[in-house]
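Asks: As input, take structure01.txt (compact mmCIF, C-alpha atoms and all ligand atoms):
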```txt
# COMPACT_ATOMS: atom_id res chain seq x y z
CA MET H 288 -29.38 -3.69 22.44
CA PRO H 289 -27.94 -0.52 20.89
CA VAL H 290 -29.76 0.99 17.93
CA LEU H 291 -26.57 1.70 15.97
CA SER H 292 -24.23 -1.27 16.38
CA TYR H 293 -22.47 -1.31 13.02
CA LEU H 294 -22.20 1.46 10.47
CA HIS H 295 -22.40 -0.79 7.41
CA HIS H 296 -25.94 -1.88 8.38
CA LEU H 297 -27.04 1.61 7.34
CA PHE H 298 -25.77 1.14 3.79
CA ASN H 299 -28.30 0.50 1.05
CA ARG H 300 -27.53 -2.88 -0.56
CA ASP H 301 -28.78 -1.97 -4.05
CA GLN H 302 -26.85 1.30 -4.00
CA CYS H 303 -23.65 -0.59 -3.12
CA HIS H 304 -24.17 -3.03 -6.00
CA ALA H 305 -24.92 -0.15 -8.40
CA SER H 306 -21.74 1.70 -7.36
CA ILE H 307 -19.57 -1.41 -7.69
CA HIS H 308 -21.16 -2.15 -11.10
CA THR H 309 -20.32 1.39 -12.27
CA LEU H 310 -16.76 1.21 -10.93
CA ARG H 311 -16.12 -2.18 -12.53
CA TRP H 312 -17.36 -1.30 -16.02
CA LYS H 313 -16.54 2.42 -16.05
CA GLU H 314 -13.55 2.15 -18.38
CA ARG H 315 -14.36 -1.07 -20.20
CA PRO H 316 -17.42 -2.51 -21.93
CA LEU H 317 -19.54 -5.10 -20.09
CA GLN H 318 -17.84 -8.33 -21.15
CA CYS H 319 -17.20 -11.87 -19.98
CA PRO H 320 -14.09 -12.01 -17.74
CA ARG H 321 -13.25 -15.52 -19.02
CA CYS H 322 -13.45 -15.20 -22.82
CA GLN H 323 -13.82 -11.38 -23.18
CA SER H 324 -16.96 -11.89 -25.30
CA GLN H 325 -19.37 -8.96 -25.24
CA ASP H 326 -22.30 -11.19 -26.25
CA VAL H 327 -23.79 -11.32 -22.75
CA ASP H 328 -27.28 -11.11 -21.23
CA PRO H 329 -28.66 -10.68 -17.69
CA TRP H 330 -29.27 -14.09 -16.08
CA GLY H 331 -31.26 -13.57 -12.88
CA MET H 332 -29.94 -13.20 -9.35
CA TYR H 333 -28.20 -15.44 -6.80
CA HIS H 334 -30.25 -16.96 -3.96
CA ASP H 335 -27.43 -16.52 -1.45
CA ARG H 336 -26.29 -13.05 -2.62
CA PRO H 337 -29.33 -10.80 -2.93
CA GLY H 338 -28.85 -7.78 -5.19
CA CYS H 339 -25.96 -9.32 -7.16
CA GLN H 340 -26.82 -9.41 -10.88
CA ARG H 341 -25.77 -12.53 -12.79
CA TYR H 342 -24.91 -12.56 -16.53
CA TRP H 343 -24.84 -15.32 -19.13
CA CYS H 344 -22.01 -15.36 -21.67
CA HIS H 345 -23.05 -16.74 -25.09
CA GLY H 346 -19.36 -17.17 -26.01
CA CYS H 347 -18.16 -19.65 -23.34
CA LYS H 348 -21.64 -20.67 -22.01
CA HIS H 349 -20.79 -19.69 -18.44
CA THR H 350 -22.27 -17.19 -16.02
CA PHE H 351 -20.44 -14.34 -14.29
CA ASN H 352 -21.20 -11.28 -12.17
CA ASP H 353 -19.69 -7.89 -11.37
CA LEU H 354 -17.25 -9.45 -8.88
CA THR H 355 -15.94 -12.41 -10.93
CA ASN H 356 -12.09 -12.57 -10.85
CA THR H 357 -11.79 -9.36 -8.81
CA LEU H 358 -10.44 -8.96 -5.29
CA LEU H 359 -14.02 -9.27 -3.98
CA HIS H 360 -14.67 -12.52 -5.87
CA GLN H 361 -16.62 -15.12 -3.84
CA SER H 362 -16.49 -13.02 -0.68
CA LYS H 363 -19.26 -14.01 1.73
CA ARG H 364 -19.33 -10.52 3.28
CA SER H 365 -21.50 -7.67 2.07
CA LEU H 366 -20.23 -5.06 -0.35
CA ALA H 367 -20.92 -2.42 2.30
CA SER H 368 -18.27 -3.92 4.58
CA TRP H 369 -15.73 -3.95 1.72
CA ILE H 370 -16.44 -0.31 0.90
CA LEU H 371 -16.28 0.71 4.54
CA THR H 372 -13.03 -1.23 5.09
CA THR H 373 -11.39 0.62 2.19
CA PHE H 374 -12.67 3.93 3.53
CA LEU H 375 -11.37 3.28 7.06
CA LEU H 376 -8.03 2.14 5.63
CA CYS H 377 -7.68 5.54 3.93
CA LEU H 378 -8.28 7.15 7.33
CA SER H 379 -5.21 5.23 8.60
CA CYS H 380 -7.09 2.76 10.83
CA SER H 381 -5.37 -0.46 11.84
CA SER H 382 -6.86 -3.79 10.75
CA ARG H 383 -7.70 -4.60 14.39
CA ARG H 384 -9.66 -1.37 14.71
CA ILE H 385 -11.49 -2.01 11.44
CA ALA H 386 -12.35 -5.55 12.58
CA ARG H 387 -13.91 -4.15 15.75
CA GLU H 388 -15.86 -1.42 13.99
CA LEU H 389 -17.28 -3.86 11.42
CA GLY H 390 -17.78 -6.82 13.75
CA LEU H 391 -15.71 -9.31 11.77
CA HIS H 392 -12.93 -11.71 12.58
CA ILE H 393 -9.46 -10.18 12.80
CA SER H 394 -7.85 -12.64 10.37
CA THR H 395 -10.45 -11.88 7.68
CA ARG H 396 -9.89 -8.20 8.18
CA TYR H 397 -6.09 -8.56 8.26
CA ARG H 398 -6.16 -10.39 4.93
CA TRP H 399 -8.48 -7.80 3.35
CA CYS H 400 -6.40 -4.89 4.62
CA TRP H 401 -3.25 -6.29 3.06
CA TRP H 402 -4.95 -7.05 -0.25
CA LEU H 403 -6.35 -3.52 -0.36
CA ARG H 404 -3.04 -1.90 0.66
CA HIS H 405 -1.24 -3.87 -2.05
CA THR H 406 -3.91 -2.83 -4.55
CA ALA H 407 -3.32 0.84 -3.66
CA VAL H 408 0.44 0.36 -4.17
CA SER H 409 -0.31 -0.66 -7.80
CA TYR H 410 -0.73 3.08 -8.51
CA GLU H 411 2.76 3.76 -7.17
CA THR H 412 4.96 1.10 -8.78
CA ASP H 413 6.28 3.25 -11.64
CA ARG H 414 6.19 6.62 -9.90
CA GLN H 415 9.24 8.83 -10.40
CA VAL H 416 9.77 12.33 -9.04
CA GLU H 417 11.27 15.23 -10.98
CA GLY H 418 12.29 18.84 -10.46
CA THR H 419 14.19 19.67 -7.27
CA ILE H 420 14.28 16.60 -5.04
CA GLU H 421 14.92 16.42 -1.32
CA ALA H 422 16.01 13.13 0.19
CA ASP H 423 16.31 11.93 3.75
CA ASP H 424 16.58 8.65 5.63
CA LEU H 425 14.88 7.30 8.74
CA TYR H 426 15.48 4.11 10.71
CA HIS H 427 12.37 2.45 12.05
CA THR H 428 12.24 -0.37 14.55
CA ALA H 429 10.67 -3.41 12.88
CA GLY H 430 11.05 -6.97 14.10
CA GLN H 431 9.35 -10.31 13.68
CA LYS H 432 5.82 -9.34 14.74
CA GLY H 433 3.33 -12.05 13.88
CA GLN H 434 6.01 -14.59 12.97
CA ALA H 435 7.29 -17.72 14.65
CA LYS H 436 10.61 -17.61 16.55
CA GLN H 437 12.37 -19.58 13.86
CA GLY H 438 10.89 -17.34 11.13
CA GLY H 439 7.98 -18.07 8.83
CA LYS H 440 4.33 -18.09 9.76
CA LYS H 441 3.19 -18.34 13.36
CA SER H 442 0.95 -21.27 14.22
CA LEU H 443 -2.66 -20.30 14.87
CA GLY H 444 -3.68 -19.43 18.41
CA HIS H 445 -0.13 -18.40 19.34
CA ARG H 446 0.24 -15.06 21.08
CA ALA H 447 2.54 -12.42 19.61
CA ARG H 448 5.85 -12.08 21.40
CA GLY H 449 6.29 -8.86 23.32
CA ARG H 450 9.67 -7.90 21.92
CA ARG H 451 10.36 -4.41 23.08
CA LYS H 452 13.28 -3.19 21.08
CA LYS H 453 16.01 -0.93 22.44
CA ARG H 454 17.71 1.40 20.00
CA GLU H 455 21.30 0.74 19.10
CA PRO H 456 23.53 3.70 18.22
CA GLY H 457 24.47 4.36 14.59
CA ARG H 458 22.64 3.66 11.36
CA GLY H 459 20.06 0.91 11.32
CA HIS H 460 20.10 -2.29 9.30
CA ASP H 461 17.65 -5.11 8.60
CA ASP H 462 19.82 -7.47 10.69
CA LYS H 463 19.61 -5.10 13.67
CA ASP H 464 15.79 -4.96 13.31
CA ARG H 465 16.02 -1.29 12.28
CA PRO H 466 15.65 -1.12 8.50
CA ALA H 467 15.99 2.18 6.68
CA ILE H 468 13.26 4.23 5.04
CA ILE H 469 14.43 6.63 2.32
CA ALA H 470 12.13 9.42 1.13
CA TRP H 471 12.48 11.26 -2.19
CA ILE H 472 10.32 14.37 -2.27
CA SER H 473 9.86 16.66 -5.20
CA ARG H 474 9.32 20.33 -4.33
CA GLN H 475 6.68 20.15 -7.06
CA GLY H 476 4.63 17.75 -4.89
CA ALA H 477 5.11 14.03 -5.59
CA VAL H 478 6.70 11.64 -3.10
CA VAL H 479 8.47 8.27 -3.39
CA ILE H 480 9.33 6.36 -0.21
CA HIS H 481 11.43 3.19 -0.14
CA ALA H 482 11.83 0.67 2.63
CA THR H 483 15.39 -0.67 2.35
CA LYS H 484 17.29 -3.32 4.26
CA ASP H 485 20.40 -1.16 4.60
CA PHE H 486 21.80 2.26 3.74
CA THR H 487 24.82 1.33 1.63
CA VAL H 488 25.98 3.34 -1.39
CA GLN H 489 24.64 0.64 -3.73
CA THR H 490 21.19 0.52 -2.13
CA VAL H 491 20.80 4.30 -2.17
CA GLN H 492 21.98 4.46 -5.80
CA LYS H 493 19.44 1.78 -6.72
CA ALA H 494 16.65 3.58 -4.84
CA ALA H 495 17.56 6.89 -6.54
CA HIS H 496 17.60 5.18 -9.93
CA LEU H 497 14.06 3.86 -9.31
CA ALA H 498 12.63 7.05 -7.80
CA VAL H 499 14.30 10.05 -9.41
CA HIS H 500 14.52 11.13 -13.06
CA ALA H 501 18.12 11.25 -14.28
CA GLY H 502 19.70 14.73 -14.22
CA CYS H 503 17.42 16.13 -11.50
CA ARG H 504 18.69 18.47 -8.81
CA LEU H 505 19.11 16.73 -5.42
CA SER H 506 19.21 18.39 -2.03
CA THR H 507 20.26 15.98 0.74
CA GLY H 508 22.18 15.55 3.97
CA SER H 509 25.91 14.89 3.90
CA ALA H 510 25.89 11.10 4.49
CA SER H 511 28.49 9.31 2.36
CA SER H 512 25.79 7.23 0.60
CA TYR H 513 24.24 10.44 -0.74
CA ARG H 514 27.63 11.97 -1.65
CA ALA H 515 28.43 8.93 -3.79
CA LEU H 516 25.25 9.24 -5.90
CA LYS H 517 25.93 9.42 -9.63
CA GLY H 518 23.79 10.91 -12.40
CA TYR H 519 22.32 13.93 -10.58
CA MET H 520 23.18 17.56 -9.85
CA HIS H 521 23.79 17.45 -6.15
CA ALA H 522 23.96 19.91 -3.24
CA PHE H 523 24.01 18.93 0.43
CA VAL H 524 23.85 20.46 3.88
CA ASN H 525 26.13 19.29 6.66
CA HIS H 526 24.02 18.42 9.70
CA THR H 527 27.03 17.45 11.82
CA GLN H 528 28.23 21.05 11.55
CA LYS H 529 24.74 22.27 12.45
CA GLU H 530 24.07 23.50 8.93
CA TYR H 531 20.40 22.84 8.20
CA ALA H 532 19.75 25.23 5.31
CA ARG H 533 21.95 27.14 2.88
CA GLY H 534 19.82 29.27 0.59
CA ASP H 535 17.40 26.87 -1.08
CA VAL H 536 19.54 23.83 -0.21
CA HIS H 537 17.75 22.05 2.62
CA GLU H 538 15.70 18.92 3.31
CA ASN H 539 12.95 20.39 5.41
CA ARG H 540 10.17 18.83 3.33
CA ALA H 541 11.69 15.40 3.87
CA GLU H 542 11.93 16.00 7.62
CA CYS H 543 8.31 17.14 7.58
CA LEU H 544 7.23 14.00 5.72
CA PHE H 545 8.87 11.82 8.38
CA SER H 546 7.04 13.77 11.08
CA LEU H 547 3.84 12.52 9.39
CA LEU H 548 5.10 8.99 8.68
CA LYS H 549 6.12 8.28 12.28
CA PRO H 550 2.66 8.82 13.85
CA TYR H 551 1.11 6.92 10.91
CA LEU H 552 3.26 3.86 11.68
CA ARG H 553 2.73 4.18 15.44
CA VAL H 554 -0.95 3.29 15.00
CA PHE H 555 0.03 -0.32 14.21
CA ARG H 556 1.86 -0.81 17.55
CA GLY H 557 5.00 -2.49 16.24
CA LEU H 558 5.75 -3.70 12.73
CA SER H 559 7.12 -6.77 11.10
CA LYS H 560 10.09 -6.27 8.77
CA THR H 561 8.28 -8.17 6.06
CA ASN H 562 5.29 -5.81 6.25
CA LEU H 563 7.26 -2.55 6.42
CA PRO H 564 7.43 -2.01 2.60
CA GLY H 565 3.65 -2.50 2.39
CA TYR H 566 2.90 0.10 5.08
CA VAL H 567 5.39 2.54 3.57
CA GLY H 568 4.02 2.01 0.06
CA PHE H 569 0.46 2.63 1.22
CA PHE H 570 1.56 5.81 3.03
CA GLN H 571 3.19 6.93 -0.23
CA PHE H 572 -0.13 6.37 -2.03
CA LEU H 573 -1.99 8.40 0.62
CA ARG H 574 0.51 11.27 0.33
CA ASN H 575 0.35 11.35 -3.46
CA VAL H 576 -3.47 11.54 -3.46
CA ARG H 577 -3.67 13.81 -0.42
CA GLN H 578 -5.67 16.45 -2.32
CA GLN H 579 -8.61 14.01 -2.46
CA ASN H 580 -10.88 13.05 0.43
CA ALA H 581 -10.97 9.52 1.87
CA CYS H 582 -14.02 8.54 -0.23
CA GLN H 583 -12.24 9.46 -3.46
CA GLN H 584 -9.10 7.63 -2.31
CA ALA H 585 -11.21 4.56 -1.48
CA GLU H 586 -12.79 4.77 -4.94
CA LEU H 587 -9.33 4.69 -6.54
CA ILE H 588 -8.42 1.57 -4.54
CA LEU H 589 -11.72 -0.17 -5.30
CA ARG H 590 -11.40 0.59 -9.00
CA ALA H 591 -8.01 -1.17 -9.05
CA ALA H 592 -9.41 -4.01 -6.88
CA LEU H 593 -12.15 -4.57 -9.50
CA ASP H 594 -9.54 -5.02 -12.24
CA PRO H 595 -8.83 -8.77 -12.52
CA THR H 596 -5.13 -8.34 -13.41
CA SER H 597 -4.20 -5.97 -10.58
CA ALA H 598 -6.43 -7.93 -8.17
CA SER H 599 -4.54 -11.18 -8.70
CA GLN H 600 -1.16 -9.40 -8.44
CA ALA H 601 -2.28 -7.61 -5.27
CA ARG H 602 -3.31 -10.91 -3.64
CA ARG H 603 0.21 -12.19 -4.22
CA GLY H 604 1.75 -8.90 -3.00
CA GLU H 605 3.68 -8.38 -6.24
CA PHE H 606 3.63 -4.59 -6.21
CA VAL H 607 5.62 -4.23 -3.00
CA GLU H 608 9.41 -4.35 -2.98
CA TYR H 609 11.88 -4.40 -0.08
CA LEU H 610 15.08 -2.94 -1.53
CA ASP H 611 18.59 -4.16 -0.82
CA HIS H 612 21.81 -4.13 -2.80
CA PHE H 613 22.09 -7.87 -3.42
CA ASP H 614 19.94 -7.98 -6.53
CA LEU H 615 22.01 -5.10 -7.96
CA LEU H 616 24.01 -7.69 -9.84
CA GLN H 617 21.02 -8.32 -12.07
CA PRO H 618 21.16 -6.36 -15.34
CA ALA H 619 17.80 -4.64 -14.68
CA ILE H 620 19.45 -1.71 -12.93
CA ASN H 621 21.42 -0.57 -15.99
ZN ZN J 1 -17.39 -16.05 -21.78
```
I'd like the structure from this file rewritten - as structure tokens, please.

Replies:
Amino acid sequence: MPVLSYLHHLFNRDQCHASIHTLRWKERPLQCPRCQSQDVDPWGMYHDRPGCQRYWCHGCKHTFNDLTNTLLHQSKRSLASWILTTFLLCLSCSSRRIARELGLHISTRYRWCWWLRHTAVSYETDRQVEGTIEADDLYHTAGQKGQAKQGGKKSLGHRARGRRKKREPGRGHDDKDRPAIIAWISRQGAVVIHATKDFTVQTVQKAAHLAVHAGCRLSTGSASSYRALKGYMHAFVNHTQKEYARGDVHENRAECLFSLLKPYLRVFRGLSKTNLPGYVGFFQFLRNVRQQNACQQAELILRAALDPTSASQARRGEFVEYLDHFDLLQPAIN
């Protein structure tokens, strides 16, 4: 029997509860999550969850605790394993790896990882870049991993299909199982990355509209979808004529970002098209908070996970968007 089997066994239970309590009520007064009444009192502990403080609300005559209505609500696992999962996620571990390190079932861990990734993306939904922006596109192989042949969810106990994809020449498309990833990088630091189904003029215009402040200076390649962009000052380099930089017109930062994104995605050993925007969104979060260490990044995610509104939206995956040009017809774009 090894002495150190799982890292989370070394965590102090009371310290975990104290940290979660602080994170939950850091920016808001201690109040009832049902009726928002602040007329509350401590109400003992739970028999089955040692260390978890219970409160009584005099407003609605119900009890609650620090985890009520959050992402961690009614979880049977310890807080230490939630904290460690978030930490390992920030170190770019796959859910399978996290499951092994924490000794839990893969489907539990898979569900948690997606909830937490979606929670992190809540920081990125309204992000726009400004200043001088570089843009570039990448096509990543992504198929139907984890899904049934006819689409939809795979039945339990079914093995994943080994679909080894061969690259087709030309630009990728969702239908060819090679959706596009477009990166918008400000030379001042911030990054926005979109997973898109195609690389048409309309899709790129929509992505630019979401990511870049109007009137900014763009520096891109010479693809026709970039040339057609409206509303920006625009300079481009012509890669087909082996022109990679002309003065300060280049997209080297964007190329560099993709050289980090590719090994990040390789860890997951094949992606599903439906999950691509989630992975890309989480990578965007990690890049935009790259000055902080993994503990501080995990704290940001946990703070959002302890907010009842973002927690319920994250469970439903509402922060993540897979762009295409079909919903352009809706008035939201103008
Ligand atoms: Zn209440």

Asks: Can you tell me which residues sit at most 9 Å away from ligand ZN 1 (chain J), counting all atoms listed in the file, written as a compact mmCIF listing (two decimals) with C-alpha atoms, in the coordinates of the input?

Replies:
```txt
# COMPACT_ATOMS: atom_id res chain seq x y z
CA GLN H 318 -17.84 -8.33 -21.15
CA CYS H 319 -17.20 -11.87 -19.98
CA PRO H 320 -14.09 -12.01 -17.74
CA ARG H 321 -13.25 -15.52 -19.02
CA CYS H 322 -13.45 -15.20 -22.82
CA GLN H 323 -13.82 -11.38 -23.18
CA SER H 324 -16.96 -11.89 -25.30
CA GLN H 325 -19.37 -8.96 -25.24
CA ASP H 326 -22.30 -11.19 -26.25
CA VAL H 327 -23.79 -11.32 -22.75
CA TRP H 343 -24.84 -15.32 -19.13
CA CYS H 344 -22.01 -15.36 -21.67
CA HIS H 345 -23.05 -16.74 -25.09
CA GLY H 346 -19.36 -17.17 -26.01
CA CYS H 347 -18.16 -19.65 -23.34
CA LYS H 348 -21.64 -20.67 -22.01
CA HIS H 349 -20.79 -19.69 -18.44
CA THR H 350 -22.27 -17.19 -16.02
CA PHE H 351 -20.44 -14.34 -14.29
```

Asks: Can you work out which one of H:Tyr513, H:Gly534, H:Pro329, H:Lys560 has the shortest atom-to-atom distance to H:Lys463, counting all atoms listed in the file?

Replies: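 Among H:Tyr513, H:Gly534, H:Pro329, H:Lys560, it is H:Lys560 that comes nearest to H:Lys463.
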
Asks: Which residues come within 12 Å of H:Leu375, counting all atoms listed in the file, excluding same-chain residues fewer than 4 positions away, as a short mmCIF file (atom, residue, chain, number, x, y, z; two decimals) with C-alpha atoms, in the frame of the given file?

Replies:
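Writing done, so here's selection.cif:
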```cif
data_model
loop_
_atom_site.label_atom_id
_atom_site.label_comp_id
_atom_site.auth_asym_id
_atom_site.auth_seq_id
_atom_site.Cartn_x
_atom_site.Cartn_y
_atom_site.Cartn_z
CA LEU H 294 -22.20 1.46 10.47
CA HIS H 295 -22.40 -0.79 7.41
CA SER H 368 -18.27 -3.92 4.58
CA TRP H 369 -15.73 -3.95 1.72
CA ILE H 370 -16.44 -0.31 0.90
CA LEU H 371 -16.28 0.71 4.54
CA SER H 379 -5.21 5.23 8.60
CA CYS H 380 -7.09 2.76 10.83
CA SER H 381 -5.37 -0.46 11.84
CA SER H 382 -6.86 -3.79 10.75
CA ARG H 383 -7.70 -4.60 14.39
CA ARG H 384 -9.66 -1.37 14.71
CA ILE H 385 -11.49 -2.01 11.44
CA ALA H 386 -12.35 -5.55 12.58
CA ARG H 387 -13.91 -4.15 15.75
CA GLU H 388 -15.86 -1.42 13.99
CA LEU H 389 -17.28 -3.86 11.42
CA ARG H 396 -9.89 -8.20 8.18
CA CYS H 400 -6.40 -4.89 4.62
CA LEU H 403 -6.35 -3.52 -0.36
CA ARG H 404 -3.04 -1.90 0.66
CA ASN H 580 -10.88 13.05 0.43
CA ALA H 581 -10.97 9.52 1.87
CA CYS H 582 -14.02 8.54 -0.23
CA GLN H 584 -9.10 7.63 -2.31
CA ALA H 585 -11.21 4.56 -1.48
#
```

Asks: To test the calculation: enclose all listed atoms of stretch 404-407 of chain H in a box whose edges run along x, y and z, add 5 Å on each side, then state centre and edge lengths in Å to one decimal, as AutoDock Vina command-line options.

Replies:
```
--center_x -2.6 --center_y -1.5 --center_z -1.9 --size_x 12.7 --size_y 14.7 --size_z 15.2
```

Asks: Kindly indicate which residue among H:Arg514, H:Leu310, H:Gly508, H:Asp485 lies nearest to H:Thr527, using only C-alpha atoms for the distances.

Replies: H:Gly508

Asks: Which of these residues is nearest to H:Arg364, using all atoms listed in the file: H:Arg300, H:Arg474, H:Arg311, H:Arg458?

Replies: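 Going through H:Arg300, H:Arg474, H:Arg311, H:Arg458 one by one, the smallest distance to H:Arg364 is for H:Arg300.
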
Asks: Atom CA of H:Arg504 and atom CA of H:Met520, how far apart in Å?

Replies: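 Straight-line distance from atom CA of H:Met520 to atom CA of H:Arg504 works out to 4.7 Å.
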
Asks: Find the distance between atom CA of H:His308 and atom CA of H:Leu354 and write it in Å to one decimal.

Replies: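 One can read the atom CA of H:His308 to atom CA of H:Leu354 distance as 8.6 Å.
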
Asks: For each of H:Lys313, H:Thr372, H:Cys303, H:Asn525, take the minimum atom-to-atom distance to H:Pro337, counting only C-alpha atoms, then give the residue where this is smallest.

Replies: H:Cys303

Asks: Can we get stretch 452-507 of chain H of that structure written down with C-alpha atoms, as a tab-separated table (two decimals), in the first residue's frame?

Replies:
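result-v2.tsv written:
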```
chain	number	residue	atom	x	y	z
H	452	LYS	CA	-8.61	11.60	-40.17
H	453	LYS	CA	-6.57	12.32	-43.28
H	454	ARG	CA	-6.10	15.94	-44.26
H	455	GLU	CA	-7.80	17.20	-47.36
H	456	PRO	CA	-6.15	19.99	-49.34
H	457	GLY	CA	-7.53	23.53	-49.15
H	458	ARG	CA	-9.34	25.37	-46.40
H	459	GLY	CA	-11.20	23.35	-43.81
H	460	HIS	CA	-14.91	23.34	-43.08
H	461	ASP	CA	-17.17	21.86	-40.41
H	462	ASP	CA	-18.60	19.43	-43.01
H	463	LYS	CA	-15.08	18.18	-43.83
H	464	ASP	CA	-14.39	17.63	-40.09
H	465	ARG	CA	-11.81	20.44	-40.16
H	466	PRO	CA	-13.43	23.54	-38.65
H	467	ALA	CA	-11.57	26.83	-38.57
H	468	ILE	CA	-10.08	28.59	-35.56
H	469	ILE	CA	-9.59	32.35	-35.94
H	470	ALA	CA	-7.35	34.23	-33.51
H	471	TRP	CA	-7.46	38.00	-32.91
H	472	ILE	CA	-4.42	39.17	-30.97
H	473	SER	CA	-3.81	42.65	-29.74
H	474	ARG	CA	-0.16	43.73	-29.65
H	475	GLN	CA	-1.12	45.24	-26.30
H	476	GLY	CA	-1.70	41.71	-24.91
H	477	ALA	CA	-5.30	40.46	-24.98
H	478	VAL	CA	-6.44	37.56	-27.16
H	479	VAL	CA	-9.80	36.46	-28.60
H	480	ILE	CA	-10.05	33.06	-30.31
H	481	HIS	CA	-13.13	31.86	-32.19
H	482	ALA	CA	-14.01	28.36	-33.31
H	483	THR	CA	-15.98	28.74	-36.54
H	484	LYS	CA	-17.68	26.25	-38.82
H	485	ASP	CA	-16.29	27.85	-41.98
H	486	PHE	CA	-14.07	30.68	-43.20
H	487	THR	CA	-16.48	32.64	-45.38
H	488	VAL	CA	-16.47	36.44	-45.65
H	489	GLN	CA	-19.64	36.63	-43.53
H	490	THR	CA	-18.29	34.43	-40.74
H	491	VAL	CA	-15.01	36.34	-40.53
H	492	GLN	CA	-16.87	39.67	-40.54
H	493	LYS	CA	-19.10	38.42	-37.72
H	494	ALA	CA	-16.10	37.15	-35.73
H	495	ALA	CA	-14.29	40.49	-36.22
H	496	HIS	CA	-17.40	42.38	-35.14
H	497	LEU	CA	-17.53	40.34	-31.91
H	498	ALA	CA	-13.80	40.43	-31.15
H	499	VAL	CA	-12.35	43.71	-32.38
H	500	HIS	CA	-13.25	47.32	-31.51
H	501	ALA	CA	-14.45	49.23	-34.57
H	502	GLY	CA	-11.77	51.38	-36.25
H	503	CYS	CA	-8.80	49.35	-34.97
H	504	ARG	CA	-5.76	48.66	-37.12
H	505	LEU	CA	-5.67	45.09	-38.47
H	506	SER	CA	-2.63	43.20	-39.68
H	507	THR	CA	-3.54	39.93	-41.42
```
